[in-house]
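Asks: Next up, model_18.txt (compact mmCIF, C-alpha atoms).
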```
# COMPACT_ATOMS: atom_id res chain seq x y z
CA MET A 1 -25.59 12.18 27.04
CA GLN A 2 -28.73 14.33 27.47
CA LYS A 3 -27.79 16.39 24.42
CA VAL A 4 -27.45 13.23 22.32
CA LEU A 5 -30.86 11.97 23.42
CA ARG A 6 -32.53 15.29 22.60
CA PHE A 7 -30.79 15.37 19.24
CA HIS A 8 -31.94 11.87 18.36
CA PHE A 9 -35.50 12.66 19.44
CA SER A 10 -35.60 15.67 17.13
CA VAL A 11 -34.43 13.53 14.22
CA LEU A 12 -36.89 10.69 14.87
CA SER A 13 -39.85 13.07 15.15
CA ARG A 14 -39.52 14.47 11.63
CA PRO A 15 -42.70 14.76 9.51
CA LYS A 16 -43.93 12.02 7.19
CA LEU A 17 -42.91 12.13 3.53
CA HIS A 18 -45.92 12.56 1.25
CA ILE A 19 -45.51 11.09 -2.23
CA TYR A 20 -47.76 11.38 -5.28
CA ASP A 21 -46.83 8.78 -7.91
CA LYS A 22 -49.94 8.66 -10.09
CA GLY A 23 -48.67 11.10 -12.69
CA GLY A 24 -45.69 11.06 -15.02
CA LYS A 25 -42.39 12.86 -15.24
CA HIS A 26 -44.06 16.26 -15.39
CA THR A 27 -46.36 15.79 -12.40
CA PRO A 28 -44.67 16.80 -9.12
CA SER A 29 -44.26 13.79 -6.83
CA GLY A 30 -43.41 15.73 -3.69
CA ILE A 31 -39.85 14.36 -3.67
CA ARG A 32 -36.80 16.55 -4.06
CA ALA A 33 -33.90 14.13 -3.82
CA THR A 34 -30.15 14.61 -3.60
CA ILE A 35 -28.45 11.47 -4.94
CA HIS A 36 -24.78 11.10 -4.04
CA GLY A 37 -22.92 8.62 -6.23
CA GLY A 38 -25.20 9.08 -9.23
CA THR A 39 -22.38 8.29 -11.67
CA SER A 40 -22.13 4.76 -10.28
CA PHE A 41 -23.60 1.79 -12.15
CA SER A 42 -26.83 1.93 -10.13
CA GLY A 43 -27.18 5.72 -10.08
CA ILE A 44 -29.15 6.06 -13.31
CA TYR A 45 -31.60 3.35 -12.16
CA MET A 46 -32.23 4.97 -8.77
CA GLY A 47 -32.58 8.38 -10.38
CA GLY A 48 -34.83 7.01 -13.11
CA MET A 49 -37.17 5.37 -10.60
CA LEU A 50 -37.65 8.68 -8.77
CA GLY A 51 -37.63 10.81 -11.92
CA ASN A 52 -40.34 8.79 -13.63
CA ILE A 53 -42.88 9.86 -11.00
CA GLY A 54 -41.98 13.54 -11.33
CA SER A 55 -39.33 14.00 -8.62
CA GLU A 56 -36.76 16.78 -8.69
CA LEU A 57 -33.25 15.32 -8.66
CA ILE A 58 -29.87 16.75 -7.68
CA PHE A 59 -26.73 14.81 -8.62
CA PRO A 60 -23.51 16.04 -6.99
CA HIS A 61 -20.44 14.49 -8.62
CA ASN A 62 -16.70 15.10 -8.47
CA HIS A 63 -16.10 15.13 -12.23
CA GLN A 64 -14.97 18.36 -13.83
CA TYR A 65 -17.48 18.43 -16.67
CA ASN A 66 -21.16 17.62 -17.03
CA TYR A 67 -20.85 16.47 -20.64
CA GLU A 68 -18.92 13.27 -19.83
CA ASP A 69 -20.93 10.23 -20.96
CA HIS A 70 -21.58 8.70 -17.53
CA VAL A 71 -22.58 12.13 -16.18
CA ARG A 72 -24.78 13.55 -18.90
CA GLU A 73 -26.89 10.38 -19.10
CA LEU A 74 -28.25 11.36 -15.67
CA LYS A 75 -30.13 14.18 -17.42
CA THR A 76 -32.46 11.54 -18.89
CA THR A 77 -33.68 10.37 -15.48
CA SER A 78 -36.29 13.12 -15.08
CA GLY A 79 -38.13 15.77 -17.06
CA PRO A 80 -36.66 19.08 -18.29
CA GLY A 81 -36.08 21.54 -15.47
CA GLN A 82 -36.29 18.83 -12.80
CA ASN A 83 -32.67 17.74 -12.86
CA TRP A 84 -29.44 19.40 -11.70
CA LEU A 85 -25.87 18.13 -12.12
CA LEU A 86 -23.41 19.66 -9.63
CA HIS A 87 -19.85 19.12 -10.83
CA ASP A 88 -16.57 19.43 -8.90
CA MET A 89 -18.13 18.10 -5.69
CA ASN A 90 -15.69 18.14 -2.78
CA TYR A 91 -16.63 15.80 0.08
CA ASP A 92 -13.92 17.30 2.27
CA ASN A 93 -16.02 20.47 2.38
CA LYS A 94 -18.85 19.94 4.88
CA GLU A 95 -20.55 23.19 3.90
CA MET A 96 -20.73 22.02 0.28
CA ILE A 97 -22.32 18.74 1.37
CA GLU A 98 -24.94 20.69 3.35
CA TRP A 99 -25.55 22.99 0.39
CA THR A 100 -26.32 20.08 -1.98
CA MET A 101 -29.30 19.08 0.18
CA LYS A 102 -30.38 22.57 1.26
CA ASN A 103 -33.88 22.22 -0.27
CA SER A 104 -34.14 18.41 -0.39
CA ASN A 105 -36.43 16.15 1.61
CA VAL A 106 -34.78 12.89 0.50
CA VAL A 107 -31.10 11.98 0.36
CA VAL A 108 -29.73 8.80 -1.25
CA ASN A 109 -26.11 7.73 -0.74
CA LEU A 110 -24.77 5.38 -3.44
CA LEU A 111 -21.11 6.26 -2.96
CA GLY A 112 -18.61 3.43 -2.95
CA PRO A 113 -14.90 2.84 -3.55
CA ARG A 114 -13.36 2.93 -6.98
CA LYS A 115 -11.75 -0.34 -7.99
CA HIS A 116 -8.20 1.05 -7.95
CA LEU A 117 -8.16 1.52 -4.15
CA LYS A 118 -5.66 -0.62 -2.24
CA ASN A 119 -5.10 0.80 1.25
CA ARG A 120 -7.41 0.95 4.25
CA LYS A 121 -7.25 4.75 4.57
CA ASP A 122 -8.93 5.24 1.17
CA PHE A 123 -11.66 2.71 1.94
CA GLU A 124 -12.35 4.35 5.32
CA TRP A 125 -12.68 7.75 3.66
CA ILE A 126 -15.34 6.75 1.12
CA ASN A 127 -17.17 4.13 3.21
CA ILE A 128 -17.04 5.74 6.66
CA THR A 129 -16.00 9.41 6.66
CA VAL A 130 -18.10 10.62 3.72
CA PRO A 131 -21.33 8.74 4.68
CA LYS A 132 -20.96 10.09 8.23
CA ARG A 133 -20.66 13.65 6.89
CA ILE A 134 -23.72 13.15 4.68
CA ALA A 135 -25.73 11.79 7.62
CA GLU A 136 -24.62 14.68 9.85
CA ALA A 137 -25.68 17.15 7.16
CA CYS A 138 -29.08 15.44 6.98
CA ALA A 139 -29.44 15.71 10.75
CA LYS A 140 -28.70 19.46 10.66
CA ASN A 141 -31.26 20.04 7.90
CA PRO A 142 -34.84 19.92 9.28
CA GLY A 143 -36.19 19.56 5.76
CA VAL A 144 -34.54 16.18 5.14
CA ILE A 145 -37.08 13.53 6.08
CA ARG A 146 -35.53 10.36 4.67
CA LEU A 147 -32.00 9.10 4.08
CA ILE A 148 -31.39 5.87 2.13
CA HIS A 149 -27.84 4.60 2.64
CA PHE A 150 -26.52 1.81 0.40
CA SER A 151 -24.10 -0.63 2.00
CA ALA A 152 -23.44 -4.20 0.80
CA CYS A 153 -24.59 -7.72 1.52
CA GLY A 154 -21.84 -9.42 3.50
CA ALA A 155 -20.77 -6.23 5.31
CA ASN A 156 -18.97 -7.44 8.41
CA PRO A 157 -16.26 -5.95 10.65
CA HIS A 158 -14.37 -9.28 10.44
CA ALA A 159 -14.58 -9.70 6.64
CA GLU A 160 -11.35 -10.17 4.73
CA SER A 161 -12.34 -7.49 2.22
CA LEU A 162 -11.53 -3.92 3.31
CA ASP A 163 -14.62 -2.79 1.44
CA LEU A 164 -16.98 -5.02 3.45
CA GLN A 165 -15.22 -4.18 6.73
CA THR A 166 -15.50 -0.43 6.28
CA LYS A 167 -19.04 -0.58 4.87
CA TYR A 168 -20.22 -2.17 8.12
CA ILE A 169 -18.57 0.55 10.22
CA GLY A 170 -20.03 3.18 7.89
CA GLU A 171 -23.55 1.85 8.53
CA GLN A 172 -23.12 2.34 12.26
CA GLU A 173 -21.80 5.88 11.83
CA VAL A 174 -24.75 6.78 9.59
CA LEU A 175 -27.31 5.46 12.10
CA ASN A 176 -25.55 7.21 14.99
CA ALA A 177 -25.71 10.54 13.17
CA PHE A 178 -29.17 10.09 11.62
CA PRO A 179 -31.29 7.33 13.27
CA ASN A 180 -34.04 7.83 10.64
CA ALA A 181 -31.75 6.39 7.96
CA THR A 182 -32.78 3.25 6.10
CA ILE A 183 -29.88 0.93 5.31
CA PHE A 184 -29.89 -1.19 2.14
CA ARG A 185 -27.52 -4.14 1.83
CA PRO A 186 -27.89 -5.38 -1.76
CA SER A 187 -26.20 -8.55 -2.93
CA VAL A 188 -24.51 -8.45 -6.35
CA MET A 189 -26.67 -6.34 -8.63
CA VAL A 190 -27.25 -7.33 -12.24
CA GLY A 191 -27.90 -4.80 -14.99
CA ASP A 192 -26.31 -3.00 -17.93
CA ASN A 193 -22.59 -2.36 -17.24
CA ASP A 194 -22.76 -4.07 -13.86
CA ASP A 195 -19.88 -5.51 -11.84
CA PHE A 196 -21.06 -9.10 -12.19
CA ALA A 197 -22.30 -10.32 -15.58
CA TYR A 198 -20.59 -7.48 -17.47
CA HIS A 199 -17.44 -8.05 -15.40
CA TRP A 200 -17.48 -11.70 -16.48
CA GLN A 201 -17.69 -10.97 -20.19
CA VAL A 202 -15.04 -8.22 -20.14
CA GLN A 203 -12.60 -10.57 -18.38
CA LYS A 204 -13.14 -13.07 -21.19
CA ARG A 205 -12.33 -10.47 -23.80
CA TYR A 206 -9.06 -9.51 -22.16
CA PHE A 207 -7.91 -12.97 -21.02
CA HIS A 208 -8.43 -14.93 -24.24
CA ASN A 209 -11.87 -16.30 -23.32
CA PHE A 210 -10.81 -17.27 -19.79
CA ASN A 211 -12.03 -16.01 -16.41
CA ILE A 212 -9.39 -15.65 -13.69
CA VAL A 213 -10.56 -17.34 -10.46
CA PRO A 214 -8.61 -17.77 -7.18
CA ASP A 215 -10.59 -20.77 -5.82
CA ASN A 216 -13.09 -23.49 -6.70
CA CYS A 217 -15.95 -20.99 -7.14
CA GLN A 218 -18.13 -22.50 -4.40
CA ALA A 219 -18.85 -19.16 -2.70
CA LYS A 220 -22.54 -18.26 -2.78
CA ARG A 221 -24.22 -15.32 -4.46
CA GLN A 222 -27.83 -14.12 -4.52
CA PRO A 223 -27.95 -11.86 -7.59
CA ILE A 224 -30.67 -9.24 -7.80
CA PHE A 225 -31.81 -7.16 -10.77
CA VAL A 226 -30.89 -3.51 -10.21
CA GLN A 227 -34.36 -2.37 -11.29
CA ASP A 228 -35.83 -4.37 -8.39
CA VAL A 229 -33.49 -2.58 -5.98
CA ALA A 230 -34.66 0.77 -7.38
CA GLN A 231 -38.29 -0.25 -6.85
CA ALA A 232 -37.46 -1.32 -3.29
CA MET A 233 -35.96 2.12 -2.65
CA LEU A 234 -39.11 3.89 -3.85
CA ASN A 235 -41.33 1.57 -1.80
CA ALA A 236 -39.21 2.22 1.30
CA LEU A 237 -39.77 5.97 0.91
CA LYS A 238 -43.53 5.33 0.85
CA MET A 239 -43.46 3.13 3.97
CA PRO A 240 -42.81 5.00 7.27
CA GLU A 241 -42.17 1.67 9.01
CA THR A 242 -38.88 1.36 7.10
CA ILE A 243 -37.36 4.27 9.03
CA GLY A 244 -34.30 3.18 10.97
CA GLN A 245 -34.41 -0.35 9.52
CA THR A 246 -31.79 -2.42 7.66
CA TYR A 247 -32.78 -4.52 4.65
CA GLU A 248 -30.72 -7.21 2.94
CA LEU A 249 -31.69 -7.31 -0.72
CA GLY A 250 -31.18 -10.48 -2.73
CA GLY A 251 -32.83 -12.28 -5.60
CA PRO A 252 -35.16 -15.28 -5.22
CA HIS A 253 -32.40 -17.89 -5.68
CA VAL A 254 -28.94 -18.62 -4.24
CA TYR A 255 -26.21 -19.90 -6.57
CA THR A 256 -22.56 -20.80 -6.27
CA LEU A 257 -20.24 -18.72 -8.42
CA LEU A 258 -19.59 -21.79 -10.55
CA GLU A 259 -23.32 -22.13 -11.22
CA CYS A 260 -23.45 -18.44 -12.20
CA TYR A 261 -20.57 -18.89 -14.64
CA GLU A 262 -22.25 -21.96 -16.12
CA MET A 263 -25.50 -20.03 -16.49
CA PHE A 264 -23.73 -17.19 -18.32
CA HIS A 265 -22.10 -19.64 -20.70
CA ASN A 266 -25.32 -21.54 -21.30
CA ILE A 267 -26.96 -18.36 -22.54
CA VAL A 268 -24.15 -17.65 -25.03
CA GLN A 269 -23.83 -21.39 -25.81
CA ARG A 270 -20.16 -21.77 -24.98
CA PRO A 271 -18.41 -24.04 -22.43
CA PRO A 272 -16.95 -22.39 -19.29
CA LYS A 273 -13.23 -21.65 -19.33
CA LEU A 274 -11.89 -20.89 -15.86
CA ALA A 275 -8.20 -20.21 -15.19
CA HIS A 276 -7.57 -21.36 -11.60
CA ILE A 277 -4.62 -19.45 -10.11
CA ASP A 278 -3.47 -19.60 -6.50
CA LYS A 279 -5.07 -16.84 -4.42
CA GLN A 280 -1.85 -15.75 -2.69
CA LEU A 281 -0.07 -15.51 -6.04
CA LEU A 282 -2.88 -13.37 -7.45
CA LEU A 283 -2.73 -11.08 -4.40
CA LYS A 284 1.03 -10.63 -4.86
CA ILE A 285 0.55 -9.81 -8.53
CA ALA A 286 -2.24 -7.34 -7.71
CA GLN A 287 -0.02 -5.58 -5.16
CA TYR A 288 2.58 -4.72 -7.81
CA ILE A 289 0.36 -3.72 -10.70
CA PRO A 290 -2.26 -0.96 -10.91
CA ASN A 291 -5.67 -2.12 -9.73
CA TRP A 292 -7.95 -2.58 -12.71
CA LYS A 293 -11.72 -2.54 -12.60
CA TYR A 294 -11.90 -6.11 -13.87
CA PHE A 295 -8.97 -7.51 -11.88
CA ASN A 296 -8.15 -6.03 -8.49
CA ILE A 297 -7.40 -6.92 -4.88
CA ASP A 298 -10.97 -6.50 -3.68
CA TYR A 299 -12.25 -8.83 -6.43
CA ILE A 300 -9.79 -11.51 -5.30
CA LEU A 301 -10.68 -11.16 -1.60
CA LYS A 302 -14.45 -11.12 -2.14
CA HIS A 303 -14.40 -14.06 -4.53
CA GLY A 304 -14.40 -16.62 -1.72
CA ASP A 305 -16.95 -14.87 0.52
CA ASP A 306 -20.65 -15.69 0.58
CA MET A 307 -22.78 -12.66 -0.28
CA ILE A 308 -26.30 -13.80 0.50
CA VAL A 309 -29.21 -12.60 2.61
CA GLN A 310 -28.81 -13.72 6.23
CA GLN A 311 -31.59 -15.67 7.87
CA GLY A 312 -33.80 -13.50 10.09
CA SER A 313 -32.99 -10.28 8.22
CA LYS A 314 -35.57 -7.95 6.76
CA THR A 315 -35.61 -8.59 3.01
CA ILE A 316 -36.95 -7.22 -0.25
CA ASP A 317 -40.18 -9.14 0.43
CA ASP A 318 -40.80 -6.76 3.33
CA LEU A 319 -40.64 -3.92 0.80
CA CYS A 320 -43.42 -5.47 -1.34
CA VAL A 321 -41.16 -6.30 -4.30
CA ARG A 322 -41.07 -9.68 -6.03
CA PRO A 323 -37.61 -9.75 -7.63
CA LEU A 324 -36.73 -11.31 -10.98
CA SER A 325 -34.66 -14.47 -11.04
CA LEU A 326 -31.12 -14.29 -12.44
CA THR A 327 -32.12 -15.94 -15.72
CA GLN A 328 -34.89 -13.38 -16.24
CA ALA A 329 -32.55 -10.50 -15.40
CA LEU A 330 -29.86 -11.77 -17.78
CA GLN A 331 -32.32 -11.69 -20.67
CA ASN A 332 -32.60 -7.95 -20.07
CA ILE A 333 -28.86 -7.34 -20.40
CA PHE A 334 -27.24 -10.03 -22.58
CA TRP A 335 -28.96 -8.81 -25.71
CA ASP A 336 -27.05 -5.56 -25.21
CA ILE A 337 -23.73 -7.42 -24.85
CA GLN A 338 -24.31 -9.41 -28.03
CA ALA A 339 -25.52 -6.39 -30.01
CA ARG A 340 -22.55 -4.31 -28.89
CA TYR A 341 -19.95 -6.83 -29.95
CA GLY A 342 -21.59 -8.34 -32.99
CA GLY A 343 -22.99 -11.55 -31.49
CA SER A 344 -21.63 -14.29 -29.29
CA SER A 345 -19.43 -15.86 -32.00
CA GLU A 346 -17.14 -12.84 -31.95
CA LEU A 347 -16.63 -12.95 -28.20
CA TYR A 348 -16.65 -16.62 -27.37
CA GLU A 349 -14.52 -18.83 -29.57
CA ARG A 350 -14.89 -22.57 -29.36
```
Step by step, read the file and then write its structure as structure tokens.
Replies:
Amino acid sequence: MQKVLRFHFSVLSRPKLHIYDKGGKHTPSGIRATIHGGTSFSGIYMGGMLGNIGSELIFPHNHQYNYEDHVRELKTTSGPGQNWLLHDMNYDNKEMIEWTMKNSNVVVNLLGPRKHLKNRKDFEWINITVPKRIAEACAKNPGVIRLIHFSACGANPHAESLDLQTKYIGEQEVLNAFPNATIFRPSVMVGDNDDFAYHWQVQKRYFHNFNIVPDNCQAKRQPIFVQDVAQAMLNALKMPETIGQTYELGGPHVYTLLECYEMFHNIVQRPPKLAHIDKQLLLKIAQYIPNWKYFNIDYILKHGDDMIVQQGSKTIDDLCVRPLSLTQALQNIFWDIQARYGGSSELYER
């Protein structure tokens, strides 16, 4: 027990991170960040927020090549010579994890499960084992001052979703290994190629203008624009009081899923078309077919859960960010959907 207490004291007494954000991409900010999970939807936003103030960025990823579209776009997040893509990352190799943050003072963990996962073992590996290894590597490295770990709003050991169950356990493991960590629990994030608004429109394309829903769509959501989450991350790095704290990040308004669907359809001026199918039947179907990004077991299980900021939690307001409403955020992304597919008339038939 004494060794644990001494270890925690040494972690908590690390120096303050000094950030200069008055210049541009070519003015050193004082941040050298390793961002795990950079190829995720939110990775380019988090990297861009740090890169725009002149931070040096390291993106470990487990893809074989750096010229794949969702990998090479990370090169645009910072200036020339300030960005490194490390391919063939192996999270089973603890020494490799330590090597990726050898000269870093900030580590960001955006890793999450791919949509094809079905069994608990796979969820535990990406949501518990890997974050724990990253946190342990941060604790061993005296140069790492801050760790930002992304979990999810609704993370709960008793949740029906394996993702939300294991994310909660992963948070505890991260804090046990590195008490200086700051935990972010974002609600559904909205942005280009997200898993919410974009998910909705892709389902319509593949299911003849219908969205597959397993219930009456009364579960609550508190959507937040991904750019606001990125700003909250940067603000947290500037604020020493955020060390060791957990923040639940949601937008300014709470909606039911039905209200979200209606809002999407109002923007494209088409009536909602929801295909209500029994939840148990959908789960049986999903068990016997390959999980697909836009129709999978986790989507079915999460559909009926509220994913909103809990009362009494520290929120994005505590990070000095005033988030956009959902309608404002949608204006930033729906133009891209319409331009990509030739306007709403092509996608949404009457």
Asks: Which polymer residues, whether protein, DNA or RNA, lie within 9 Å of the coordinate (-20.4, -6.7, -5.0) when you count only C-alpha atoms? List them as a list in words, using the chain letters and numbers from the file.
Replies: Ala152, Cys153, Pro186, Ser187, Val188, Met189, Asp195, Phe196, Tyr299, Lys302 and Met307 of chain A
Asks: Which residues, written as a ChimeraX atom specification, have at least one atom at most 6 Å from Leu147 (chain A), with all atoms listed in the file counted and residues fewer than 6 positions away on the same chain left out?
Replies: /A:106-108,181
Asks: Pull C-alpha atoms from the residues just selected and write them as a short mmCIF file (atom, residue, chain, number, x, y, z; two decimals), keeping the file's coordinate frame.
Replies:
```
data_model
loop_
_atom_site.label_atom_id
_atom_site.label_comp_id
_atom_site.auth_asym_id
_atom_site.auth_seq_id
_atom_site.Cartn_x
_atom_site.Cartn_y
_atom_site.Cartn_z
CA VAL A 106 -34.78 12.89 0.50
CA VAL A 107 -31.10 11.98 0.36
CA VAL A 108 -29.73 8.80 -1.25
CA ALA A 181 -31.75 6.39 7.96
#
```
Asks: Between A:Met101, A:Val71, A:Leu117, A:Val226, which one has atoms that come closest to Asn296 (chain A), using all atoms listed in the file?
Replies: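 Selected residue with least distance to Asn296 (chain A): A:Leu117.
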Asks: Need the shell around His253 (chain A): protein/DNA/RNA residues with any atom at most 10 Å away, counting all atoms listed in the file. Skip same-chain ones fewer than 3 positions apart. Format as a PyMOL selection string?
Replies: chain A and resi 221-224+250+308+323-326
Asks: Using Å and a single decimal, report how far CA of Leu234 (chain A) sits from CA of Thr100 (chain A).
Replies: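 Here the two named atoms are 20.7 Å from each other.
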